[in-house]
$ cat target_17.cif   # mmCIF, C-alpha atoms, pLDDT in the B column; chains and numbers go by the auth columns
data_structure
loop_
_atom_site.group_PDB
_atom_site.id
_atom_site.type_symbol
_atom_site.label_atom_id
_atom_site.label_comp_id
_atom_site.label_asym_id
_atom_site.label_seq_id
_atom_site.Cartn_x
_atom_site.Cartn_y
_atom_site.Cartn_z
_atom_site.B_iso_or_equiv
_atom_site.auth_seq_id
_atom_site.auth_asym_id
ATOM 1 C CA MET A 1 23.615 141.967 79.273 67.00 7 A
ATOM 2 C CA ASP A 2 21.529 142.281 76.128 75.00 8 A
ATOM 3 C CA THR A 3 21.086 145.573 74.289 82.00 9 A
ATOM 4 C CA VAL A 4 17.356 145.842 75.043 80.00 10 A
ATOM 5 C CA SER A 5 17.919 145.609 78.817 78.00 11 A
ATOM 6 C CA LEU A 6 20.671 148.229 78.668 84.00 12 A
ATOM 7 C CA PHE A 7 18.450 150.526 76.607 86.00 13 A
ATOM 8 C CA ASN A 8 15.542 150.127 79.064 82.00 14 A
ATOM 9 C CA LEU A 9 17.926 150.900 81.923 85.00 15 A
ATOM 10 C CA PHE A 10 19.142 154.002 80.067 90.00 16 A
ATOM 11 C CA ILE A 11 15.570 155.264 79.539 87.00 17 A
ATOM 12 C CA LEU A 12 14.622 154.713 83.185 84.00 18 A
ATOM 13 C CA ILE A 13 17.738 156.427 84.554 89.00 19 A
ATOM 14 C CA PHE A 14 17.431 159.310 82.085 89.00 20 A
ATOM 15 C CA VAL A 15 13.837 159.977 83.167 83.00 21 A
ATOM 16 C CA LEU A 16 14.973 159.867 86.791 82.00 22 A
ATOM 17 C CA VAL A 17 17.858 162.277 86.114 86.00 23 A
ATOM 18 C CA ILE A 18 15.787 164.945 84.365 81.00 24 A
ATOM 19 C CA LEU A 19 13.130 165.062 87.091 77.00 25 A
ATOM 20 C CA PRO A 20 13.288 168.283 89.131 71.00 26 A
ATOM 21 C CA GLY A 21 15.243 167.584 92.298 73.00 27 A
ATOM 22 C CA PRO A 22 18.252 168.683 94.377 73.00 28 A
ATOM 23 C CA ALA A 23 20.815 167.718 91.717 81.00 29 A
ATOM 24 C CA THR A 24 19.042 169.324 88.765 81.00 30 A
ATOM 25 C CA PHE A 25 18.281 172.480 90.755 75.00 31 A
ATOM 26 C CA ALA A 26 21.919 172.706 91.858 78.00 32 A
ATOM 27 C CA VAL A 27 23.129 172.303 88.263 82.00 33 A
ATOM 28 C CA LEU A 28 20.684 174.961 87.066 75.00 34 A
ATOM 29 C CA SER A 29 21.741 177.371 89.801 71.00 35 A
ATOM 30 C CA THR A 30 25.427 176.826 89.074 76.00 36 A
ATOM 31 C CA SER A 31 25.042 177.103 85.305 78.00 37 A
ATOM 32 C CA THR A 32 22.975 180.287 85.404 70.00 38 A
ATOM 33 C CA ARG A 33 24.923 181.970 88.210 69.00 39 A
ATOM 34 C CA TYR A 34 28.426 181.000 87.134 72.00 40 A
ATOM 35 C CA ASN A 35 29.238 179.039 83.973 77.00 41 A
ATOM 36 C CA LEU A 36 28.924 175.716 82.163 82.00 42 A
ATOM 37 C CA ILE A 37 32.270 174.378 83.418 88.00 43 A
ATOM 38 C CA SER A 38 31.213 174.793 87.050 86.00 44 A
ATOM 39 C CA SER A 39 27.972 172.911 86.401 87.00 45 A
ATOM 40 C CA ILE A 40 29.919 170.117 84.652 92.00 46 A
ATOM 41 C CA PHE A 41 32.131 169.639 87.722 94.00 47 A
ATOM 42 C CA LEU A 42 29.044 169.558 89.932 90.00 48 A
ATOM 43 C CA SER A 43 27.485 166.966 87.588 93.00 49 A
ATOM 44 C CA ALA A 44 30.655 164.884 87.820 96.00 50 A
ATOM 45 C CA GLY A 45 30.388 164.903 91.622 94.00 51 A
ATOM 46 C CA VAL A 46 26.786 163.689 91.494 92.00 52 A
ATOM 47 C CA THR A 47 27.821 160.997 89.011 95.00 53 A
ATOM 48 C CA LEU A 48 30.566 159.727 91.320 95.00 54 A
ATOM 49 C CA GLY A 49 28.018 159.472 94.127 90.00 55 A
ATOM 50 C CA ASP A 50 25.738 157.392 91.894 92.00 56 A
ATOM 51 C CA ILE A 51 28.649 155.142 90.926 93.00 57 A
ATOM 52 C CA ILE A 52 29.416 154.529 94.613 89.00 58 A
ATOM 53 C CA TYR A 53 25.791 153.573 95.282 86.00 59 A
ATOM 54 C CA VAL A 54 25.569 151.350 92.189 88.00 60 A
ATOM 55 C CA LEU A 55 28.772 149.496 93.083 87.00 61 A
ATOM 56 C CA ALA A 56 27.512 149.035 96.648 82.00 62 A
ATOM 57 C CA VAL A 57 24.292 147.478 95.352 81.00 63 A
ATOM 58 C CA LEU A 58 26.072 145.264 92.791 83.00 64 A
ATOM 59 C CA PHE A 59 28.557 144.140 95.463 80.00 65 A
ATOM 60 C CA SER A 60 25.674 143.188 97.751 78.00 66 A
ATOM 61 C CA PHE A 61 24.195 141.134 94.895 71.00 67 A
ATOM 62 C CA ASN A 62 27.492 139.269 94.582 67.00 68 A
ATOM 63 C CA VAL A 63 27.719 138.617 98.307 69.00 69 A
ATOM 64 C CA PHE A 64 24.094 137.652 98.868 63.00 70 A
ATOM 65 C CA ALA A 65 23.303 136.066 95.484 58.00 71 A
ATOM 66 C CA SER A 66 22.696 132.616 96.982 60.00 72 A
ATOM 67 C CA PHE A 67 20.235 134.109 99.481 64.00 73 A
ATOM 68 C CA LEU A 68 18.488 136.412 97.005 58.00 74 A
ATOM 69 C CA GLU A 69 18.160 133.915 94.155 59.00 75 A
ATOM 70 C CA PRO A 70 15.162 131.992 95.654 64.00 76 A
ATOM 71 C CA ILE A 71 13.220 135.234 96.106 64.00 77 A
ATOM 72 C CA PHE A 72 14.398 136.888 92.884 59.00 78 A
ATOM 73 C CA PHE A 73 10.893 136.746 91.368 67.00 79 A
ATOM 74 C CA TYR A 74 9.465 138.655 94.337 72.00 80 A
ATOM 75 C CA ILE A 75 12.316 141.170 94.226 62.00 81 A
ATOM 76 C CA ARG A 76 11.467 141.851 90.565 66.00 82 A
ATOM 77 C CA ILE A 77 7.763 142.313 91.329 75.00 83 A
ATOM 78 C CA ILE A 78 8.444 144.583 94.318 74.00 84 A
ATOM 79 C CA GLY A 79 10.882 146.612 92.210 65.00 85 A
ATOM 80 C CA ALA A 80 8.354 147.002 89.394 72.00 86 A
ATOM 81 C CA ILE A 81 5.641 148.026 91.885 81.00 87 A
ATOM 82 C CA TYR A 82 8.036 150.566 93.406 73.00 88 A
ATOM 83 C CA ILE A 83 8.664 152.076 89.956 68.00 89 A
ATOM 84 C CA CYS A 84 4.887 152.309 89.396 81.00 90 A
ATOM 85 C CA TYR A 85 4.563 153.941 92.832 82.00 91 A
ATOM 86 C CA LEU A 86 7.123 156.568 91.818 73.00 92 A
ATOM 87 C CA GLY A 87 5.106 157.223 88.661 77.00 93 A
ATOM 88 C CA ILE A 88 1.820 157.666 90.542 87.00 94 A
ATOM 89 C CA THR A 89 3.550 159.916 93.082 83.00 95 A
ATOM 90 C CA LEU A 90 4.897 162.120 90.291 74.00 96 A
ATOM 91 C CA ILE A 91 1.506 162.427 88.625 84.00 97 A
ATOM 92 C CA LEU A 92 -0.213 163.397 91.892 85.00 98 A
ATOM 93 C CA LYS A 93 2.477 165.599 93.457 77.00 99 A
ATOM 94 C CA LYS A 94 2.278 169.383 93.445 75.00 100 A
ATOM 95 C CA PRO A 95 4.896 171.226 91.375 66.00 101 A
ATOM 96 C CA GLU A 96 8.024 171.996 93.381 60.00 102 A
ATOM 97 C CA SER A 97 9.282 175.533 93.655 56.00 103 A
ATOM 98 C CA PHE A 98 12.722 176.343 92.359 51.00 104 A
ATOM 99 C CA LYS A 99 14.963 176.976 95.335 50.00 105 A
ATOM 100 C CA GLU A 100 18.250 178.741 95.031 47.00 106 A
ATOM 101 C CA THR A 101 21.025 176.346 95.996 48.00 107 A
ATOM 102 C CA LYS A 102 24.185 177.585 97.663 49.00 108 A
ATOM 103 C CA VAL A 103 26.870 177.251 95.051 48.00 109 A
ATOM 104 C CA SER A 104 30.536 178.076 94.734 50.00 110 A
ATOM 105 C CA ASN A 105 32.575 179.063 91.705 58.00 111 A
ATOM 106 C CA ASN A 106 35.443 176.845 92.925 77.00 112 A
ATOM 107 C CA LEU A 107 35.583 173.813 90.610 83.00 113 A
ATOM 108 C CA LEU A 108 36.738 171.370 93.290 87.00 114 A
ATOM 109 C CA GLY A 109 34.087 172.832 95.592 82.00 115 A
ATOM 110 C CA GLN A 110 31.461 172.193 92.902 85.00 116 A
ATOM 111 C CA PHE A 111 32.588 168.585 92.560 92.00 117 A
ATOM 112 C CA ILE A 112 32.385 168.011 96.323 88.00 118 A
ATOM 113 C CA ILE A 113 28.960 169.687 96.519 83.00 119 A
ATOM 114 C CA GLY A 114 27.689 167.366 93.781 85.00 120 A
ATOM 115 C CA LEU A 115 29.079 164.317 95.561 88.00 121 A
ATOM 116 C CA MET A 116 27.490 165.360 98.852 85.00 122 A
ATOM 117 C CA ILE A 117 24.123 166.056 97.197 80.00 123 A
ATOM 118 C CA CYS A 118 24.040 162.463 95.945 83.00 124 A
ATOM 119 C CA LEU A 119 25.461 160.690 99.002 82.00 125 A
ATOM 120 C CA SER A 120 23.158 162.576 101.375 76.00 126 A
ATOM 121 C CA ASN A 121 20.107 161.090 99.621 70.00 127 A
ATOM 122 C CA PRO A 122 19.526 157.498 100.881 66.00 128 A
ATOM 123 C CA LYS A 123 16.596 157.128 98.462 71.00 129 A
ATOM 124 C CA THR A 124 19.170 156.733 95.689 77.00 130 A
ATOM 125 C CA ILE A 125 20.504 153.401 96.942 73.00 131 A
ATOM 126 C CA ILE A 126 16.948 152.196 97.667 75.00 132 A
ATOM 127 C CA PHE A 127 16.025 153.041 94.076 79.00 133 A
ATOM 128 C CA TYR A 128 19.001 151.163 92.647 81.00 134 A
ATOM 129 C CA PHE A 129 18.386 148.122 94.854 77.00 135 A
ATOM 130 C CA SER A 130 14.797 148.027 93.589 75.00 136 A
ATOM 131 C CA VAL A 131 15.602 148.690 89.937 76.00 137 A
ATOM 132 C CA LEU A 132 18.816 146.792 89.162 77.00 138 A
ATOM 133 C CA PRO A 133 17.288 143.312 89.735 74.00 139 A
ATOM 134 C CA GLN A 134 15.037 144.092 86.767 70.00 140 A
ATOM 135 C CA PHE A 135 18.074 144.281 84.487 70.00 141 A
ATOM 136 C CA ILE A 136 20.585 141.805 85.886 69.00 142 A
ATOM 137 C CA ASN A 137 20.516 138.057 86.393 67.00 143 A
ATOM 138 C CA LEU A 138 21.606 137.323 89.945 59.00 144 A
ATOM 139 C CA LYS A 139 23.016 134.004 88.755 62.00 145 A
ATOM 140 C CA SER A 140 25.476 135.755 86.463 66.00 146 A
ATOM 141 C CA VAL A 141 26.596 138.896 88.242 69.00 147 A
ATOM 142 C CA ASN A 142 30.137 139.389 86.978 79.00 148 A
ATOM 143 C CA ILE A 143 32.648 142.087 86.125 84.00 149 A
ATOM 144 C CA ILE A 144 31.341 142.494 82.563 85.00 150 A
ATOM 145 C CA SER A 145 27.656 142.935 83.469 83.00 151 A
ATOM 146 C CA SER A 146 28.544 145.113 86.454 84.00 152 A
ATOM 147 C CA THR A 147 30.752 147.308 84.267 89.00 153 A
ATOM 148 C CA GLN A 148 28.026 147.619 81.625 89.00 154 A
ATOM 149 C CA ILE A 149 25.421 148.688 84.204 88.00 155 A
ATOM 150 C CA THR A 150 27.792 151.107 85.931 91.00 156 A
ATOM 151 C CA LEU A 151 28.827 152.718 82.629 94.00 157 A
ATOM 152 C CA VAL A 152 25.241 153.119 81.409 93.00 158 A
ATOM 153 C CA ILE A 153 24.156 154.709 84.679 93.00 159 A
ATOM 154 C CA ALA A 154 27.260 156.909 85.036 95.00 160 A
ATOM 155 C CA LEU A 155 27.111 158.235 81.460 96.00 161 A
ATOM 156 C CA THR A 156 23.349 158.775 81.620 95.00 162 A
ATOM 157 C CA VAL A 157 23.520 160.646 84.933 94.00 163 A
ATOM 158 C CA PHE A 158 26.486 162.764 83.862 96.00 164 A
ATOM 159 C CA PHE A 159 25.264 163.775 80.402 94.00 165 A
ATOM 160 C CA GLY A 160 21.674 164.145 81.627 92.00 166 A
ATOM 161 C CA LEU A 161 22.800 166.680 84.225 91.00 167 A
ATOM 162 C CA CYS A 162 25.144 168.356 81.723 91.00 168 A
ATOM 163 C CA LEU A 163 22.108 168.821 79.504 88.00 169 A
ATOM 164 C CA PHE A 164 20.600 170.934 82.287 83.00 170 A
ATOM 165 C CA GLY A 165 23.843 172.883 82.411 84.00 171 A
ATOM 166 C CA LEU A 166 23.787 173.496 78.657 83.00 172 A
ATOM 167 C CA MET A 167 20.175 174.593 78.618 75.00 173 A
ATOM 168 C CA GLY A 168 20.544 176.349 82.003 66.00 174 A
ATOM 169 C CA GLN A 169 18.597 179.570 81.858 56.00 175 A
ATOM 170 C CA ALA A 170 15.950 178.342 79.416 65.00 176 A
ATOM 171 C CA ILE A 171 15.129 175.242 81.499 59.00 177 A
ATOM 172 C CA ARG A 172 15.196 177.295 84.675 56.00 178 A
ATOM 173 C CA LYS A 173 12.530 179.632 83.285 59.00 179 A
ATOM 174 C CA TYR A 174 10.514 176.665 82.039 62.00 180 A
ATOM 175 C CA LEU A 175 10.593 174.969 85.435 56.00 181 A
ATOM 176 C CA LEU A 176 9.526 178.171 87.156 57.00 182 A
ATOM 177 C CA GLN A 177 6.105 177.900 85.494 62.00 183 A
ATOM 178 C CA ASP A 178 3.729 175.832 87.649 65.00 184 A
ATOM 179 C CA ARG A 179 1.707 174.629 84.663 69.00 185 A
ATOM 180 C CA SER A 180 4.834 173.470 82.858 66.00 186 A
ATOM 181 C CA LYS A 181 6.124 171.701 85.968 66.00 187 A
ATOM 182 C CA LYS A 182 2.799 169.900 86.409 75.00 188 A
ATOM 183 C CA ILE A 183 2.775 168.699 82.793 75.00 189 A
ATOM 184 C CA PHE A 184 6.398 167.626 83.180 65.00 190 A
ATOM 185 C CA ASN A 185 5.534 165.607 86.303 72.00 191 A
ATOM 186 C CA ILE A 186 2.573 163.909 84.605 81.00 192 A
ATOM 187 C CA VAL A 187 4.568 162.917 81.513 73.00 193 A
ATOM 188 C CA SER A 188 7.467 161.645 83.634 66.00 194 A
ATOM 189 C CA GLY A 189 5.084 159.750 85.906 74.00 195 A
ATOM 190 C CA MET A 190 3.425 158.059 82.929 80.00 196 A
ATOM 191 C CA LEU A 191 6.850 156.971 81.643 68.00 197 A
ATOM 192 C CA PHE A 192 7.625 155.420 85.031 65.00 198 A
ATOM 193 C CA LEU A 193 4.255 153.611 85.003 78.00 199 A
ATOM 194 C CA ALA A 194 4.913 152.309 81.488 75.00 200 A
ATOM 195 C CA VAL A 195 8.310 150.938 82.527 62.00 201 A
ATOM 196 C CA GLY A 196 6.819 149.411 85.686 69.00 202 A
ATOM 197 C CA PHE A 197 4.022 147.625 83.815 74.00 203 A
ATOM 198 C CA TYR A 198 6.501 146.421 81.192 65.00 204 A
ATOM 199 C CA LEU A 199 8.727 144.911 83.885 59.00 205 A
ATOM 200 C CA ILE A 200 5.760 143.211 85.583 69.00 206 A
ATOM 201 C CA LYS A 201 4.731 141.579 82.285 67.00 207 A
ATOM 202 C CA THR A 202 8.234 140.341 81.392 58.00 208 A
#
$ encode --input "target_17.cif" --output "C-alpha cells"
Amino acid sequence: MDTVSLFNLFILIFVLVILPGPATFAVLSTSTRYNLISSIFLSAGVTLGDIIYVLAVLFSFNVFASFLEPIFFYIRIIGAIYICYLGITLILKKPESFKETKVSNNLLGQFIIGLMICLSNPKTIIFYFSVLPQFINLKSVNIISSTQITLVIALTVFFGLCLFGLMGQAIRKYLLQDRSKKIFNIVSGMLFLAVGFYLIKT
C-alpha cells in the first residue's frame, strides 16, 4: 500500500477512536478512578478486539475476492456514503452524557473488559467492511498489505485510547460540558464528511 492511503486510513481511524463512546468512556473511567496502567491494559483489550475484526474482514476479502471484484466500484461508493452518513449523524446528534463504566483494578480484568467492549459492538466489523475497500485493492490482498493495514489500525486504536488515559481527568471534565461535546461532534462529523467526499472523488 502507498503512504498516502495508509495516512488517510490513520486519520480516519484516529477520528473514530477519539469520538466519545463505550471504549473512550471506559478508558476515562479507569484512568481517573484507578491509574494509567489499568487504562493501558483496557486499551490493549479493545485493540485486540479491533485486530480480530480487521483480520476477519481481510480474510473475507481473500476468500470472496473473485465475487467482490466485479462490484468493487459499488462497494467503494457505498463505503464512502456510509462514512458521510456517520459524519452527518455526528453533526446532528445530541451530546452524550458521560456514564460511569464498571471497572476493575485487576489488570487482566481490564484487558478482558476492553476486549468484550469491542467484540460486543457489531458496528465495528460493519465499519471496517465499509471502510477497508477504500484503502485496499481486492486484486492484491496479500500478507504485506494486510499486515500494513492491521498495524496501522492496531497502533492507532491503542495509542489513541492511551491518549485518553494520559489526559484522563482533563478530557473527562471537557467531555462533561454539553457545549464542548457538541462542538467536538460537529468537528469530528465534518472530518468524516471530508474523508467521504475525498473517497467518492478518487
$ closest_residue --input "target_17.cif" --among "A:Ile83, A:Val193, A:Val163, A:Cys124" --to "Gln140 (chain A)" --atoms "all atoms listed in the file"
A:Ile83
$ atom_distance --input "target_17.cif" --atom1 "CA of Asp56 (chain A)" --atom2 "CA of Phe165 (chain A)"
13.2 Å
$ resolve_selection --input "target_17.cif" --expression "the PyMOL selection byres ((chain A and resi 157) around 12)" --output "JSON, numbers by chain"
{"A": [12, 15, 16, 19, 53, 54, 56, 57, 60, 61, 149, 150, 151, 152, 153, 154, 155, 156, 158, 159, 160, 161, 162, 163, 164, 165]}
$ write_last_selection --input "target_17.cif" --atoms "C-alpha atoms" --output "PDB file, keeping the file's coordinate frame"
ATOM      1  CA  LEU A  12      20.671 148.229  78.668  1.00 84.00           C
ATOM      2  CA  LEU A  15      17.926 150.900  81.923  1.00 85.00           C
ATOM      3  CA  PHE A  16      19.142 154.002  80.067  1.00 90.00           C
ATOM      4  CA  ILE A  19      17.738 156.427  84.554  1.00 89.00           C
ATOM      5  CA  THR A  53      27.821 160.997  89.011  1.00 95.00           C
ATOM      6  CA  LEU A  54      30.566 159.727  91.320  1.00 95.00           C
ATOM      7  CA  ASP A  56      25.738 157.392  91.894  1.00 92.00           C
ATOM      8  CA  ILE A  57      28.649 155.142  90.926  1.00 93.00           C
ATOM      9  CA  VAL A  60      25.569 151.350  92.189  1.00 88.00           C
ATOM     10  CA  LEU A  61      28.772 149.496  93.083  1.00 87.00           C
ATOM     11  CA  ILE A 149      32.648 142.087  86.125  1.00 84.00           C
ATOM     12  CA  ILE A 150      31.341 142.494  82.563  1.00 85.00           C
ATOM     13  CA  SER A 151      27.656 142.935  83.469  1.00 83.00           C
ATOM     14  CA  SER A 152      28.544 145.113  86.454  1.00 84.00           C
ATOM     15  CA  THR A 153      30.752 147.308  84.267  1.00 89.00           C
ATOM     16  CA  GLN A 154      28.026 147.619  81.625  1.00 89.00           C
ATOM     17  CA  ILE A 155      25.421 148.688  84.204  1.00 88.00           C
ATOM     18  CA  THR A 156      27.792 151.107  85.931  1.00 91.00           C
ATOM     19  CA  VAL A 158      25.241 153.119  81.409  1.00 93.00           C
ATOM     20  CA  ILE A 159      24.156 154.709  84.679  1.00 93.00           C
ATOM     21  CA  ALA A 160      27.260 156.909  85.036  1.00 95.00           C
ATOM     22  CA  LEU A 161      27.111 158.235  81.460  1.00 96.00           C
ATOM     23  CA  THR A 162      23.349 158.775  81.620  1.00 95.00           C
ATOM     24  CA  VAL A 163      23.520 160.646  84.933  1.00 94.00           C
ATOM     25  CA  PHE A 164      26.486 162.764  83.862  1.00 96.00           C
ATOM     26  CA  PHE A 165      25.264 163.775  80.402  1.00 94.00           C
TER      27      PHE A 165
END
$ residues_around --input "target_17.cif" --residues "Leu199 (chain A)" --least-positions-apart "5" --cutoff "8 Å" --atoms "only C-alpha atoms" --output "ChimeraX atom specification"
/A:89-94
$ atom_distance --input "target_17.cif" --atom1 "CA of Ala86 (chain A)" --atom2 "CA of Met196 (chain A)"
13.7 Å
